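Undergrad: I'd like to ask you about the structure that follows.
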Amino acid sequence: MFGTSGIRGRVGDEVTAGLALSVGRAVASEGYERVVVGRDVRDSGAMLVDAVSAGLCECGSDVVTVGVEATPTVARAIERLEADAGVVVTASHNPATDNGIKLWNPSGKAFGPDQRDAIERRIREDDYELAAWDGVGDRTSHDGVQDYHADALTAAVDLERPLSVVVDLGTGAGGVTAAVLDELGCQVRTLNGQEDGAFPGRPSEPNAETLETLETLVAATDADVGIGHDGDADRMVAVDETGTFVPKDALLALFAREAAGDGDRVAAPVDTSLAVDDALAAVGASVTRTQVGDVYVAERTTEPDVVFGGEPSGAWIWPDKTRCPDGPLAACKLVELVADRGPLSELVAEIEGYPIRRTSIEVTEKGAVMAEVSEAVHDRYDDIETLDGVRVETEDGWFLLRASGTQPLIRVTAEARSAADAETLFADAQTLVTETVTRRP
């Protein structure tokens, strides 16, 4: 039900008010007595907030609704509002047709596997602790949580000099980024700054293809850096001062190298580039690999020598600040780094890059397809790691095949020291999936 990043799916099909009601009932029945509830900009979010709140109150939990806010804003507010848990109604970077539900702990870490399993069991078995007439929870609202987040961000960075920054909000909920950078003295321009859950300006997912306007504007002006967020601003990606999209693995390597020192570890998922290993080795640190999904990265950051966690998707975690992927914090950290160390393009050039290829193949019954793909991989290769999907190491490089946790897709990733080897591995990996799909009835 929860995938790697919460419940997500098409509104009216996989995601309904009935499902939201059940999630609220289950969370309350698990004993979370006070719950913060917020949402991203999607129009369907209002309906789903009402439904999940009704379920929470029906089983005795008090609900504090905080309105339309970035996911990290809501996640940070849970502890501040002395709540036991948080619910964010969001589909993050998914299309406008989708919505979803993600559950959070006061630490900023998303619900872990055991917590999610408990919620799923209650929904599956229709096992709820409905409150008596005089035990129904209260519902109140709070409109100051963005101020809490903004105060935390300004305290987290020390800006050597103000920069010129362009922030593409993607008509999402991440306006706190522009507000804080302005407060820090930066010259801030915004793109797609109006909140609109139909995402008319560009698709919600920020990448090199969807951020063409940001890239053009940064290149045509005196901007030092461009920032791109997804719909709920848990992700942050960047464009350098030349208007060039910064590869996400390079950005992960920069953040990791800055955060880590000798003997430290950085948590990153199995689809992370070797460039991150090399960047950390230069400062005496290392990578500890996790399953794909910010909850798994966040869980690993609870270990004492893990000082940072990141995903090539654009999710960045500084565990001494919060264990929620915080796109606005990442934006501020990147601006701080550029102000202190110089042009972003030069910083990126310091990271040894290797050819890495990624794609997604749409499938039906992704679980069954992935099982057959795994069997085919084991028939053909020897050095296989199955922490998340199947990751194959060869003399030339590696490739990873795994089912998406949020969409009907098989993710394909391949990397090698040379472009030719990367293309060969990438083609081989794709063929394993397409052959399996073709064979299936």
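Labeling convention for the structure tokens: chains A, B, ... as they appear, residues from 1 per chain, ligands from 1 in order of appearance.
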Kindly assemble as a Markdown table a list of the region 303-402 of chain A residues that lie within 10 Å of region 180-193 of chain A, each paired with its nearest atom pair and their distance in Å to one decimal, using only C-alpha atoms, sorted first by chain and then by ascending residue number.

TA:
| residue | atom | partner | partner_atom | distance |
| --- | --- | --- | --- | --- |
| A:Pro328 | CA | A:Val180 | CA | 8.6 |
| A:Leu329 | CA | A:Val180 | CA | 9.6 |
| A:Ala331 | CA | A:Leu181 | CA | 8.7 |
| A:Cys332 | CA | A:Leu181 | CA | 7.0 |
| A:Val335 | CA | A:Leu181 | CA | 8.6 |

Undergrad: Keeping N, CA, C and O atoms, export the residues of the selection given above as a CSV table (one decimal), in the first residue's frame.

TA:
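The new file again13.csv reads:
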chain,number,residue,atom,x,y,z
A,328,PRO,N,13.7,23.0,0.8
A,328,PRO,CA,14.1,24.4,1.1
A,328,PRO,C,15.4,24.4,1.9
A,328,PRO,O,16.2,25.3,1.6
A,329,LEU,N,15.6,23.5,2.8
A,329,LEU,CA,16.9,23.5,3.5
A,329,LEU,C,18.0,23.2,2.5
A,329,LEU,O,19.1,23.8,2.6
A,331,ALA,N,18.1,23.9,-0.6
A,331,ALA,CA,18.3,25.1,-1.4
A,331,ALA,C,19.2,26.1,-0.6
A,331,ALA,O,20.1,26.7,-1.2
A,332,CYS,N,18.9,26.3,0.6
A,332,CYS,CA,19.7,27.2,1.4
A,332,CYS,C,21.1,26.7,1.6
A,332,CYS,O,22.1,27.5,1.6
A,335,VAL,N,23.0,27.4,-1.7
A,335,VAL,CA,23.4,28.8,-1.8
A,335,VAL,C,24.5,29.2,-0.9
A,335,VAL,O,25.5,29.9,-1.2

Undergrad: Determine, counting only C-alpha atoms, which protein, DNA and RNA residues have an atom within 7 Å of an atom of region 227-243 of chain A; residues of the same chain fewer than 2 positions away are not included. Present the result as JSON, numbers by chain.

TA: {"A": [40, 70, 71, 72, 90, 92, 93, 166, 167, 168, 169, 170, 172, 173, 174, 204, 205, 206, 215, 216, 218, 219, 223, 224, 225, 245, 246, 248, 314, 315, 325, 326, 327, 328, 330, 331, 344, 345]}

Undergrad: Which polymer residues have any atom within 7 Å of an atom of Pro319 (chain A), counting only C-alpha atoms, with same-chain residues fewer than 5 positions away left out, as a ChimeraX atom specification?

TA: /A:301,307-308

Undergrad: I need the residues from that last selection saved to file as a compact mmCIF listing (two decimals), in the first residue's frame (with N, CA and C atoms), if you can.

TA:
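Dumped everything to result.txt:
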# COMPACT_ATOMS: atom_id res chain seq x y z
N THR A 301 20.28 7.14 8.79
CA THR A 301 20.91 8.31 9.43
C THR A 301 20.74 8.30 10.95
N VAL A 307 26.25 11.02 8.82
CA VAL A 307 26.07 12.46 9.01
C VAL A 307 25.21 13.12 7.94
N PHE A 308 24.88 12.36 6.90
CA PHE A 308 24.08 12.92 5.82
C PHE A 308 23.45 11.78 5.06

Undergrad: Step one, run DSSP on the backbone; step two, keep only residues of region 14-86 of chain A assigned to helix (DSSP H, G or I); then write them as an MDAnalysis selection string.

TA: chainID A and resid 17:29 44:58 71:80

Undergrad: Taking only C-alpha atoms into account, name the residue in A:Val68, A:Val270, A:Val89, A:Ile78 that is nearest to Lys109 (chain A).

TA: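 The closest residue to Lys109 (chain A) is A:Ile78.
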
Undergrad: Write out as a ChimeraX atom specification which residues come within 12 Å of region 283-287 of chain A when counting only C-alpha atoms, dropping same-chain ones fewer than 4 positions away.

TA: /A:252-254,256-270,272-279,297,300-301,305-311

Undergrad: With only C-alpha atoms as the basis for distance, which of A:Leu217, A:Val295, A:Val363, A:Ala96 is at the shortest distance from Ala198 (chain A)?

TA: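 Of the candidates, the smallest distance to Ala198 (chain A) is held by A:Ala96.
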
Undergrad: Give me, as an MDAnalysis selection string, all polymer residues having an atom no more than 12 Å from Ser44 (chain A), counting only C-alpha atoms and skipping those fewer than 3 positions away in the same chain.

TA: chainID A and resid 10:12 15:17 20 39:41 47:51 68 89:91 96:101 196:198

Undergrad: Put those residues in a file: C-alpha atoms, as a compact mmCIF listing (two decimals), in the first residue's frame.

TA:
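Generated output (again23.txt):
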# COMPACT_ATOMS: atom_id res chain seq x y z
CA ARG A 10 -4.86 8.26 -9.33
CA VAL A 11 -7.59 10.16 -7.53
CA GLY A 12 -10.93 8.37 -7.78
CA VAL A 15 -6.76 7.14 -3.92
CA THR A 16 -10.25 7.93 -2.62
CA ALA A 17 -11.90 9.64 0.32
CA ALA A 20 -8.20 8.45 3.44
CA ARG A 39 -1.48 19.01 2.15
CA ASP A 40 0.13 20.15 -1.07
CA VAL A 41 -1.55 22.29 -3.73
CA MET A 47 -11.35 16.44 0.16
CA LEU A 48 -8.72 13.97 1.32
CA VAL A 49 -7.71 16.14 4.29
CA ASP A 50 -11.34 16.25 5.40
CA ALA A 51 -11.62 12.47 5.07
CA VAL A 68 -1.36 24.02 2.18
CA VAL A 89 -1.78 14.60 1.69
CA THR A 90 0.53 14.78 -1.33
CA ALA A 91 1.65 12.94 -4.43
CA ALA A 96 -1.71 16.29 -11.30
CA THR A 97 -4.07 13.32 -11.73
CA ASP A 98 -2.56 11.70 -8.63
CA ASN A 99 -2.65 12.27 -4.92
CA GLY A 100 -1.50 10.35 -1.88
CA ILE A 101 -0.89 10.13 1.85
CA ASP A 196 -1.85 25.55 -8.75
CA GLY A 197 -2.32 21.81 -8.36
CA ALA A 198 -2.90 21.34 -12.09

Undergrad: Give me, as a tab-separated table, each residue of region 198-305 of chain A that comes within 10 Å of region 2-8 of chain A, together with its shortest interatomic pair and the distance in Å at one decimal, counting only C-alpha atoms, with rows ordered by chain and rising residue number.

TA:
residue	atom	partner	partner_atom	distance
A:Gln291	CA	A:Thr4	CA	8.9
A:Val292	CA	A:Thr4	CA	7.0
A:Gly293	CA	A:Thr4	CA	4.9
A:Asp294	CA	A:Ser5	CA	7.0
A:Val295	CA	A:Ser5	CA	7.3
A:Tyr296	CA	A:Thr4	CA	8.5

Undergrad: Write out, as an mmCIF file, in the first residue's frame, the residues just selected, with all heavy atoms.

TA:
data_model
loop_
_atom_site.group_PDB
_atom_site.id
_atom_site.type_symbol
_atom_site.label_atom_id
_atom_site.label_comp_id
_atom_site.auth_asym_id
_atom_site.auth_seq_id
_atom_site.Cartn_x
_atom_site.Cartn_y
_atom_site.Cartn_z
ATOM 1 N N GLN A 291 18.027 0.678 0.694
ATOM 2 C CA GLN A 291 16.962 0.564 -0.287
ATOM 3 C C GLN A 291 16.597 1.954 -0.798
ATOM 4 O O GLN A 291 16.868 2.973 -0.143
ATOM 5 C CB GLN A 291 15.724 -0.090 0.338
ATOM 6 C CG GLN A 291 15.901 -1.540 0.719
ATOM 7 C CD GLN A 291 14.680 -2.074 1.435
ATOM 8 O OE1 GLN A 291 14.716 -2.315 2.638
ATOM 9 N NE2 GLN A 291 13.595 -2.281 0.707
ATOM 10 N N VAL A 292 15.970 1.995 -1.972
ATOM 11 C CA VAL A 292 15.505 3.263 -2.521
ATOM 12 C C VAL A 292 14.285 3.726 -1.728
ATOM 13 O O VAL A 292 13.383 2.946 -1.429
ATOM 14 C CB VAL A 292 15.165 3.110 -4.006
ATOM 15 C CG1 VAL A 292 14.542 4.391 -4.551
ATOM 16 C CG2 VAL A 292 16.416 2.749 -4.794
ATOM 17 N N GLY A 293 14.259 4.997 -1.390
ATOM 18 C CA GLY A 293 13.162 5.563 -0.606
ATOM 19 C C GLY A 293 13.717 6.360 0.555
ATOM 20 O O GLY A 293 14.593 5.877 1.281
ATOM 21 N N ASP A 294 13.194 7.579 0.730
ATOM 22 C CA ASP A 294 13.762 8.438 1.770
ATOM 23 C C ASP A 294 13.598 7.851 3.162
ATOM 24 O O ASP A 294 14.405 8.117 4.052
ATOM 25 C CB ASP A 294 13.145 9.838 1.710
ATOM 26 C CG ASP A 294 11.647 9.840 1.966
ATOM 27 O OD1 ASP A 294 11.235 9.778 3.132
ATOM 28 O OD2 ASP A 294 10.873 9.925 0.994
ATOM 29 N N VAL A 295 12.567 7.018 3.388
ATOM 30 C CA VAL A 295 12.396 6.432 4.719
ATOM 31 C C VAL A 295 13.568 5.520 5.065
ATOM 32 O O VAL A 295 14.015 5.471 6.223
ATOM 33 C CB VAL A 295 11.057 5.682 4.821
ATOM 34 C CG1 VAL A 295 11.010 4.479 3.891
ATOM 35 C CG2 VAL A 295 10.800 5.235 6.259
ATOM 36 N N TYR A 296 14.107 4.805 4.070
ATOM 37 C CA TYR A 296 15.238 3.912 4.322
ATOM 38 C C TYR A 296 16.528 4.709 4.527
ATOM 39 O O TYR A 296 17.360 4.366 5.376
ATOM 40 C CB TYR A 296 15.395 2.920 3.174
ATOM 41 C CG TYR A 296 14.162 2.096 2.951
ATOM 42 C CD1 TYR A 296 13.353 2.302 1.833
ATOM 43 C CD2 TYR A 296 13.771 1.130 3.869
ATOM 44 C CE1 TYR A 296 12.200 1.558 1.637
ATOM 45 C CE2 TYR A 296 12.614 0.380 3.675
ATOM 46 C CZ TYR A 296 11.839 0.600 2.560
ATOM 47 O OH TYR A 296 10.695 -0.129 2.375
#

Undergrad: Env of Ala118 (chain A): 12 Å cut, atoms = only C-alpha atoms, seq-sep filter 6 positions within chain, self excluded. Answer as a ChimeraX atom specification.

TA: /A:1-2,23,26-31,111-112,124-128

Undergrad: I need the residues from that last selection saved to file as a short mmCIF file (atom, residue, chain, number, x, y, z; two decimals), in the first residue's frame (with C-alpha atoms), if you can.

TA:
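File written: out.cif
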data_model
loop_
_atom_site.label_atom_id
_atom_site.label_comp_id
_atom_site.auth_asym_id
_atom_site.auth_seq_id
_atom_site.Cartn_x
_atom_site.Cartn_y
_atom_site.Cartn_z
CA MET A 1 0.00 0.00 0.00
CA PHE A 2 2.69 2.51 1.00
CA VAL A 23 -5.96 5.66 7.03
CA ALA A 26 -6.01 3.28 11.50
CA VAL A 27 -3.55 5.95 12.64
CA ALA A 28 -5.79 6.96 15.52
CA SER A 29 -6.44 3.32 16.45
CA GLU A 30 -2.68 2.80 16.71
CA GLY A 31 -2.65 5.28 19.59
CA PHE A 111 6.70 6.02 9.19
CA GLY A 112 8.96 2.98 9.03
CA ARG A 124 -7.08 -4.77 5.56
CA GLU A 125 -8.92 -6.27 8.54
CA ASP A 126 -11.23 -3.30 9.10
CA ASP A 127 -9.95 -3.22 12.69
CA TYR A 128 -10.58 0.23 14.18
#

Undergrad: Between CA of Glu212 (chain A) and CA of Pro95 (chain A), what is the spacing in Å?

TA: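 Atom-to-atom, CA of Pro95 (chain A) to CA of Glu212 (chain A), that is 18.1 Å.
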
Undergrad: So that I can check the surroundings of Cys59 (chain A), please list as a PyMOL selection string every protein, DNA and RNA residue that reaches within 6 Å of it, counting only C-alpha atoms and ignoring chain neighbours fewer than 2 positions away.

TA: chain A and resi 25+28+56-57+129-131

Undergrad: Could you tell me how far CA of Arg289 (chain A) lies from CA of Asp388 (chain A), in Å and to one decimal?

TA: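 Computing the Euclidean distance for CA of Arg289 (chain A) and CA of Asp388 (chain A) yields 10.1 Å.
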
Undergrad: Given only C-alpha atoms as the basis, pick out the residue of A:Glu435, A:Asp271, A:Asp396, A:Glu33 nearest to Ala420 (chain A).

TA: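 Checking each of A:Glu435, A:Asp271, A:Asp396, A:Glu33 against Ala420 (chain A), counting only C-alpha atoms, the winner is A:Asp396.
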
Undergrad: Nearest residue to Leu409 (chain A) out of A:Ile123, A:Ile361, A:Ala281, A:Leu19, using only C-alpha atoms?

TA: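 Smallest distance to Leu409 (chain A) is found for A:Ile361.
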
Undergrad: Nearest to Ala75 (chain A) among A:Ala179, A:Cys324, A:Ile119, A:Val157, with distances taken over only C-alpha atoms: which residue is it?

TA: A:Cys324

Undergrad: If DSSP is run on the backbone, what residues of region 152-207 of chain A are strand (DSSP E or B)? A reply as a list of chain:residue names would be ideal.

TA: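 The strand (DSSP E or B) subset of region 152-207 of chain A is A:Ser164, A:Val165, A:Val166, A:Val167, A:Asp168, A:Gln187, A:Val188, A:Arg189, A:Thr190, A:Leu191.
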